[in-house]
Amino acid sequence: MKTLAVTGIGKSYDGNAALKDVSFSVERGTVLAVCGENGAGKSTLMKILSGAAKPDTGTLLIDGEEIRLNDPREAIDRGIATVHQELSLLPHLSVAENIMLGKAPRGRFRWQVDWQEMFRLADEVLHGLGVETIDVRQKVSTLSVSVQQVVEIAKALVGRPEVLILDEPTAVLSAHEAELLFRAVRSLARLGTIIIYISHRLEEIFEISDRVLVLKDGEMVMDAATNALDHDALIRAMVGRPLTAIYPTRRIRPGPTLLECRHLTRRPVFHDVSFSLRGGEVVGMFGLVGSGRTDLARALFGATPADSGEIWIAGERARIATPRGAVRNGIAFVTEDRKRDGLVLDLDLIDNAGLATMGNVARVGVLDRRRRTAMVGAKLDDLAVRPRGAFRPVRQLSGGNQQKVVLAKWLLVNGTRIFILDEPTRGVDIATKVEIYRMVAELAEAGLAILLISSELPEILGMSDRVLVMRGGSLVADLPRAEMSMEAIFARAAGISSDQVGAQARDG
Ligand SMILES: Nc1ncnc2c1ncn2[C@@H]1O[C@H](COP(=O)(O)OP(=O)(O)OP(=O)(O)O)[C@@H](O)[C@H]1O
Ligand SMILES: [Mg+2]
């Protein structure tokens, strides 16, 4: 394949245009980034290129010849492989079966699967990605989301595609896994593969892409060579205005200790973790995948309680065995896994955003739906949830807008004193990130304690007053603002010296 092109693509859902007259063409060996705000139409465009959705208007062309894709199978047969934004593996099958789905090698008889060969081939694809630690016989349901994403990528690579579409692949990957992916993308591009890459992380766009398309409200508003752009120009194209300050400044006035944990342990994921949070503080928490930070957050929230150790809330010993208990103690938890802990996809926005507040409103008297709708609607507007209109199932929202609904739900709870935010800006566009950062700063200024768990060091550095670093289930550092740097934090998280971090960055 020399070129892949689309002309005049349009697509509407319920009369609302998700894409309007989109045309572009991409040559072999190019890494094309597609950017835009939440709901801009990126995933819709990718679904059309991968046969998962049909355009209302427009055509697809391969080497100038019009093609029609009736289903994903036909796209794959044409050499177009896609890693969608939402994970799509079959959880009860093994890693190897998922990777080789539909391509299982046959044994001596046609109805036999050659299992040894299948495991070997799956291993080979993973090794090609630089991944050596995944057991291909393991069931997918036992894997973390980041490892599942690696398996999705491996699966897309099996047929040696000529076009590889990656829709926010790094949203759930660790830094190391993301680096392996970038390496693979570069070598595929060198071999002539067309890569279409969606991400909200601007650093990645500049690191990996040759060209950038920007979608805004379904229209293509920019098509430019990456090296002709800078951060500000890209942000302006996406948001429609410059964003002057990403991270807010705020007065830091630490108040009384609101949360303290002492020797908190849950074997084997974390042990003997002690730290405290004061009102008015934003405390960052960093750790590589597997360091135990999410398990610790889930324990503080009572979702999977600790085995031993103590949690103290505002100077009193608290017993937090369930999320309900955590909410009673004034703890809110914005989760990284919106499908497991955050949202009920088939309920509408009002019901989702209202899930955590039902208690509050009911306590006043009756559960007044009209009042709840007004409260929730106002918060959804603050967060610019799109499209507007609260009576639609959350399932129909774009990924980033779903994340905003999770946040809205917790911002609506009265009496919250402690906010645990686990990757709150994952999959969220830059303008909304700025809005979320502003809200976090406001909550801290109002005297709440904030624990900000994040894999993005710029976010940690930009937002935190101090940072806790986890490694291998232990809390290994509590760094004050003056000692916070990219190198210092990463070195503690990886268990190496700061000099080695520099060396690693150069080699990587
Ligand atoms: N199945 C659907 N039913 C109704 N509306 C939909 C459906 N799928 C997408 N939309 C709407 O189409 C628009 C574009 O959504 P899309 O998922 O393409 O956005 P996106 O650019 O990928 O955003 P994000 O960065 O949040 O992933 C949104 O307004 C979305 O709500
Ligand atoms: Mg999307």
# chains A, B, ... in the order shown; residues from 1 in each chain; ligands from 1
>>> residues_around(residues="A:Ile252", least_positions_apart="2", cutoff="10 Å", atoms="only C-alpha atoms", output="JSON, numbers by chain")
{"A": [249, 250, 254, 255, 280, 281, 282, 441, 444, 445, 447, 465]}
>>> residues_near_ligand(ligand="ligand 2", cutoff="10 Å", atoms="only C-alpha atoms and all ligand atoms", output="ChimeraX atom specification")
/A:35-47,84-86,167-168,198-200,397-401,427-428
>>> residues_around(residues="stretch 291-294 of chain A", least_positions_apart="6", cutoff="10 Å", atoms="only C-alpha atoms", output="list of chain:residue names")
A:Arg266, A:Pro268, A:Val269, A:Phe270, A:His271, A:Met285, A:Leu300, A:Thr335, A:Glu336, A:Asp422, A:Glu423, A:Ile453, A:Ser454, A:Leu468, A:Val469, A:Met470, A:Arg471, A:Gly472, A:Gly473, A:Ser474, A:Leu475, A:Ala493, A:Ala494
>>> write_last_selection(atoms="C-alpha atoms", output="short mmCIF file (atom, residue, chain, number, x, y, z; two decimals), in the first residue's frame")
data_model
loop_
_atom_site.label_atom_id
_atom_site.label_comp_id
_atom_site.auth_asym_id
_atom_site.auth_seq_id
_atom_site.Cartn_x
_atom_site.Cartn_y
_atom_site.Cartn_z
CA ARG A 266 -2.20 -5.61 52.35
CA PRO A 268 1.36 -8.98 48.78
CA VAL A 269 0.60 -5.60 47.18
CA PHE A 270 1.81 -3.06 49.76
CA HIS A 271 3.27 -3.15 53.25
CA MET A 285 1.90 10.00 44.49
CA LEU A 300 -7.99 3.93 51.72
CA THR A 335 -10.82 6.11 39.89
CA GLU A 336 -8.53 5.27 36.98
CA ASP A 422 -6.24 8.16 40.71
CA GLU A 423 -5.15 9.29 37.21
CA ILE A 453 -1.93 9.65 41.98
CA SER A 454 -0.49 10.08 38.51
CA LEU A 468 5.18 10.35 47.83
CA VAL A 469 7.01 7.70 45.83
CA MET A 470 6.06 4.01 45.93
CA ARG A 471 8.22 1.13 44.83
CA GLY A 472 7.52 -2.58 45.20
CA GLY A 473 4.68 -2.02 47.65
CA SER A 474 6.65 0.29 49.95
CA LEU A 475 6.63 4.03 50.38
CA ALA A 493 10.48 4.91 41.79
CA ALA A 494 12.88 2.74 39.80
#
>>> atom_distance(atom1="atom CA of A:Gly284", atom2="atom CA of A:Leu412")
22.8 Å
>>> residues_around(residues="A:Thr304", least_positions_apart="5", cutoff="8 Å", atoms="only C-alpha atoms", output="PyMOL selection string")
chain A and resi 295+298-299+321-322
>>> closest_residue(among="A:Arg371, A:Lys11, A:Arg211, A:Arg262", to="ligand 1", atoms="only C-alpha atoms and all ligand atoms")
A:Lys11
>>> decode(residues="stretch 241-256 of chain A", atoms="N, CA and C atoms", output="CSV table (one decimal), in the first residue's frame")
chain,number,residue,atom,x,y,z
A,241,ARG,N,-8.1,28.6,21.2
A,241,ARG,CA,-7.6,29.8,21.8
A,241,ARG,C,-6.3,29.3,22.5
A,242,PRO,N,-5.4,30.2,22.8
A,242,PRO,CA,-4.2,29.8,23.5
A,242,PRO,C,-4.5,29.5,25.0
A,243,LEU,N,-3.8,28.6,25.6
A,243,LEU,CA,-3.9,28.3,27.0
A,243,LEU,C,-2.6,28.9,27.6
A,244,THR,N,-2.7,29.9,28.4
A,244,THR,CA,-1.5,30.5,28.9
A,244,THR,C,-0.8,29.7,30.0
A,245,ALA,N,-1.6,29.4,31.1
A,245,ALA,CA,-1.0,28.6,32.2
A,245,ALA,C,-1.7,27.3,32.3
A,246,ILE,N,-1.0,26.2,32.2
A,246,ILE,CA,-1.6,24.9,32.4
A,246,ILE,C,-1.9,24.6,33.8
A,247,TYR,N,-0.9,24.9,34.7
A,247,TYR,CA,-1.0,24.6,36.1
A,247,TYR,C,-1.3,25.9,36.9
A,248,PRO,N,-2.3,25.8,37.8
A,248,PRO,CA,-2.7,27.1,38.5
A,248,PRO,C,-1.7,27.4,39.6
A,249,THR,N,-1.6,28.6,40.0
A,249,THR,CA,-0.8,29.0,41.2
A,249,THR,C,-1.8,29.1,42.3
A,250,ARG,N,-1.4,28.8,43.5
A,250,ARG,CA,-2.4,28.9,44.6
A,250,ARG,C,-1.6,29.2,45.9
A,251,ARG,N,-2.3,29.7,46.9
A,251,ARG,CA,-1.7,30.0,48.2
A,251,ARG,C,-1.7,28.6,48.9
A,252,ILE,N,-0.5,28.3,49.4
A,252,ILE,CA,-0.4,27.0,50.1
A,252,ILE,C,-0.4,27.3,51.6
A,253,ARG,N,-1.5,26.9,52.3
A,253,ARG,CA,-1.6,27.1,53.7
A,253,ARG,C,-2.0,25.8,54.4
A,254,PRO,N,-1.0,24.9,54.7
A,254,PRO,CA,-1.4,23.6,55.2
A,254,PRO,C,-2.2,23.7,56.5
A,255,GLY,N,-3.3,23.0,56.7
A,255,GLY,CA,-4.1,23.1,57.9
A,255,GLY,C,-3.8,21.8,58.7
A,256,PRO,N,-4.8,21.4,59.5
A,256,PRO,CA,-4.7,20.2,60.3
A,256,PRO,C,-4.6,19.0,59.5
